[in-house]
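Below: the structure, in structure tokens.
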Amino acid sequence: MKYTTLKEHHLYNKTFSRGARYSGQYVSVFVLRDYAAKRLKKENPEKKAYNRFGVSVTKRVGGAVQRSRAKRILRAGYRAIEPELKTGYLVVVAPKEGILGIKSTDVERDLRRGFAKLDMFLENKTV
RNA sequence: CAGCUCCGUUAAACGGUCGCGCGGUAUGUUGCCGAAAGGUAUUACCGUGAGGAAAGUCCGGGCUUCAUAGGACAGAAUAGCUGAUAACGUCAGCCACGGGUAACCGUCGGGAAAGUGCAACAGAAAUAAACCGCCGCUUUUGCGGUAAGGAUGGAAAGGCGAGGUAAGAGCUCACCCGUUCCUAUGGUAACAUAGGUCCGCUGUAAACCCUAUUUGAAGCAACACCCCACACAAGGCUUGUCCGGCACAUCUUGGGGGUGGCACAAAACUUUGUUUUGAAGCUAUGCGGUGACGCAUAGCGAAGAUUGAUGACCGUUCACGACAGAACCCGGCUUAUAGGCGGAACUAAAAA
RNA sequence: CUGGGUGUGGCGCAGCUGGUAGCGCGCUACCUUGGGGUGGUAGAGGCCGCAAGUUCAAGUCUUGUCACUCAGA
């Protein structure tokens with residue numbers, strides 16, 4: 001497993017209400033410092049800090065097929081950027097209106113712009 | 001040829017790079033747990049991975065818990081007949097009625113002659129009749145008879161002719177139409193045909209109701225087991241060995257989590273697991289049946305999550321890709337759907 | 001996932017056993033006032049979520065369908 005998924009519903013609410021926010025053309029990004037990161041780091045066998053990532057797709061996007069499509073391309077976009085990011089955060093990504101009919105590379109570009117704005121990239125990486 | 005009707009089938013293909021769930025094999029010395037055996041993270045390889053509707057949740061069955069001596073009533077469901085099926089409100093064939101030239105399609109298709117209700121407006125009158133008219137008697141106003149004619153309405157006492165009468169009327173008769181019952185013939189039956197007989201009855205039962213048949217209730221968020229815990233948990237934020245929670249201070253709840261159910265079953269050997277056998281189901285072939293379907297043989301017989309896997313990107317080709325995503329499992333129904341392929345049947349009129 | 005409920009003028013609601021669809025607020029015009037509010041008098045605005053069916057007749061009954069909404073660990 002390359003990344004850890006965010007499972008608890010209350011953490012989503014927390015991230016939405018308290019996290020830093022960025023709205024791009026196709027996606028919205030919410031980022032919050034993960035207070036449980038230290039504990040998770042300890043429990044993690046490899047002793048490494050990591051981000052917890054989640055996707056939030058509401059019924060507004062469409063039927064089950066459209067929602068699945070949205071989740072897949074959002075995950076694909078995140079997977080491409082993941083290793084370049086700072087660790088120890090909760091990251092939630094939600095699609096916007098135009099999400100259907102675009103490619104995952106478009107999502108990746110949008111996400112990259114969002115993370116740059118939120119100062120999420122590692123220092124040695126040029127933005 | 002064209003048009004039209006019905007049935008079946010399919011649900012873009014191939015290559016490259018990266019990635020996900022599940023199962024298996026190996027790795028697991030360097031990461032973790034453990035005294036060890038071993039387990040595990042990880043990594044590599046192999047296998048496998050959505051639908052014809054997975055949908056709507058409209059029916060039936062399995063499964064589970066609760067209730068239950070037996071019955072009756074009530075409630076609910078179904079409604080031509082015969083069959084198919086584990087079962088059904090489904091399916092097949094047939095009957096009746098309606099539509100179409102036809103192939104064929106459609107029908108919640110029992111009972112209104114058991115009872116009750118309702119039928120607005122219009123109309124004299126709506127299940128019962130006298131407004132006009134017609135006739136008789138009185139006399140210029142009434143009384144009586146009358147349903148042939150008029151106007152209303154979805155519906156007005158069966159139609160038409162003759163007899164009959166003061167005028168009329170199934171009042172009587174012939175024919176026709178419809179209906180109840182009886183007989184004969186054909187059919188398992190619904191029913192059809194023919195003859196006789198009685199009657200002339202408004203519609204509505206997707207109004208109450210009557211008749212026949214069926215029917216306990218809830219649902220996998222059911223339910224079973226295990227673990228953690230009331231100085232605890234879920235969660236919260238000011239991220240503190242804080243609040244929740246013991247003087248003060250800080251909200252809310254009283255439970256939370258896991259496994260099984262759940263990815264077919266049984267037996268044998270055994271620690272996991274392996275092997276064997278056999279069901280559902282699917283495919284092919286054969287046989288029986290008009291058909292739904294049944295029987296026999298052979299092969300296959302591994303989707304299984306819990307923020308929820310089956311994908312992302314690039315390239316090539318073509319008919320340029322519709323509706324759409326499993327969540328306990330099956331059998332149907334209904335609804336949505338770009339096209340492609342195959343088969344069968346019919347053709348009146350018009351055009352050629 | 002499972003089981004319920006609701007769709008009626010612009011908004012909030014009635015409409016019980018089928019018979020020409022109403023109420024309150026709002027809107028328009030006029031009267032009242034020097035002007036506005038208040039008050040009064042008129043009026044507009046509805047294929048009753050959509051589509052079939054039963055019936056002479058459907059907001060109402062039946063079936064399908066589309067939205068919205070509530071409850072259940």
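Letters for chains follow the order of the structure tokens (A, B, ...), residue numbers begin at 1 for each chain, and ligand numbers begin at 1 in the order shown.
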
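Near C:G26, within 12 Å and counting only C-alpha atoms (C1' of nucleotides), sit C:G9, C:G10, C:C11, C:G12, C:G45; same-chain residues fewer than 3 positions away were not included.
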
Got a sec: who's within 10 Å of B:U57, counting only C-alpha atoms (C1' of nucleotides), leaving out chain neighbours fewer than 2 positions off, as a ChimeraX atom specification? /B:55,59 /C:2

Restricting it to C-alpha atoms (C1' of nucleotides), dump the selection as a PDB file, in the first residue's frame.
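Saved file result_19.pdb follows:
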ATOM      1  C1'   A B  55     -30.969  -0.392 -10.888  1.00  0.00           C
ATOM      2  C1'   C B  59     -43.497 -10.298  -5.864  1.00  0.00           C
TER       3        C B  59
ATOM      4  C1'   U C   2     -33.541  -2.090   4.692  1.00  0.00           C
TER       5        U C   2
END

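Those residues of chain B that fall within 7 Å of chain A when using only C-alpha atoms (C1' of nucleotides) read G31, C32, A41, U239, U307, G311, A312, A324 and G325 of chain B.
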
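All residues in stretch 1-94 of chain A with a DSSP state of strand (DSSP E), computed from the backbone, read A:Thr4, A:Thr5, A:Ala20, A:Arg21, A:Tyr22, A:Ser23, A:Val27, A:Ser28, A:Val29, A:Phe30, A:Val31, A:Leu32, A:Arg33, A:Arg52, A:Phe53, A:Gly54, A:Val55, A:Tyr89, A:Leu90, A:Val91, A:Val92, A:Val93, A:Ala94.
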
Residues from last step as file, C-alpha atoms, as a PDB file, in the first residue's frame:
ATOM      1  CA  THR A   4      -2.791   5.322   4.024  1.00  0.00           C
ATOM      2  CA  THR A   5      -6.491   5.996   3.680  1.00  0.00           C
ATOM      3  CA  ALA A  20      -6.617  24.851   5.315  1.00  0.00           C
ATOM      4  CA  ARG A  21      -8.501  25.054   2.069  1.00  0.00           C
ATOM      5  CA  TYR A  22      -7.773  25.436  -1.620  1.00  0.00           C
ATOM      6  CA  SER A  23     -10.272  25.540  -4.473  1.00  0.00           C
ATOM      7  CA  VAL A  27     -10.925  19.894  -7.176  1.00  0.00           C
ATOM      8  CA  SER A  28     -11.053  21.267  -3.648  1.00  0.00           C
ATOM      9  CA  VAL A  29      -8.240  20.341  -1.260  1.00  0.00           C
ATOM     10  CA  PHE A  30      -8.450  20.357   2.553  1.00  0.00           C
ATOM     11  CA  VAL A  31      -5.327  19.911   4.654  1.00  0.00           C
ATOM     12  CA  LEU A  32      -5.040  19.665   8.447  1.00  0.00           C
ATOM     13  CA  ARG A  33      -2.084  18.967  10.755  1.00  0.00           C
ATOM     14  CA  ARG A  52      -3.622  10.126   5.739  1.00  0.00           C
ATOM     15  CA  PHE A  53      -5.548  10.651   2.544  1.00  0.00           C
ATOM     16  CA  GLY A  54      -9.277  10.603   1.848  1.00  0.00           C
ATOM     17  CA  VAL A  55     -11.667  11.307  -0.997  1.00  0.00           C
ATOM     18  CA  TYR A  89      -1.103  15.748   7.624  1.00  0.00           C
ATOM     19  CA  LEU A  90      -4.707  14.823   6.944  1.00  0.00           C
ATOM     20  CA  VAL A  91      -5.494  15.380   3.282  1.00  0.00           C
ATOM     21  CA  VAL A  92      -9.035  15.350   1.896  1.00  0.00           C
ATOM     22  CA  VAL A  93      -9.823  15.907  -1.757  1.00  0.00           C
ATOM     23  CA  ALA A  94     -13.296  16.608  -3.140  1.00  0.00           C
TER      24      ALA A  94
END

Would you mind listing what lies within 10 Å of stretch 207-221 of chain B as a ChimeraX atom specification, with only C-alpha atoms (C1' of nucleotides) counted and same-chain residues fewer than 2 positions away left out? /B:63-68,76-79,110-111,114-118,204-205,223,261-262,328 /C:1-3,17-18,61,72-73

Helix (DSSP H, G or I) positions in chain A, given as a PyMOL selection string: chain A and resi 9-18+37-43+59-61+64-84+97-99+104-117

Report, in Å with one decimal, the straight-line distance from atom C1' of C:U65 to atom C1' of B:C323. 16.4 Å

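Neighbouring residues of stretch 94-102 of chain B at 12 Å or closer, counting only C-alpha atoms (C1' of nucleotides) and skipping chain neighbours under 2 positions away, are C4, U5, G80, C81, U82, G83, A92, C104, C105, G106, U107, G109, G187, A189, A190, C191, A192, U290, G291, A345, C346, U347, A348 and A349 of chain B.
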
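The residue that comes closest to C:G59, out of C:A21, C:A29, C:C13, C:G7 and on the basis of only C-alpha atoms (C1' of nucleotides), is C:A21.
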
What does the distance between atom C1' of B:G332 and atom C1' of B:U90 come to in Å, to one decimal place? 5.3 Å
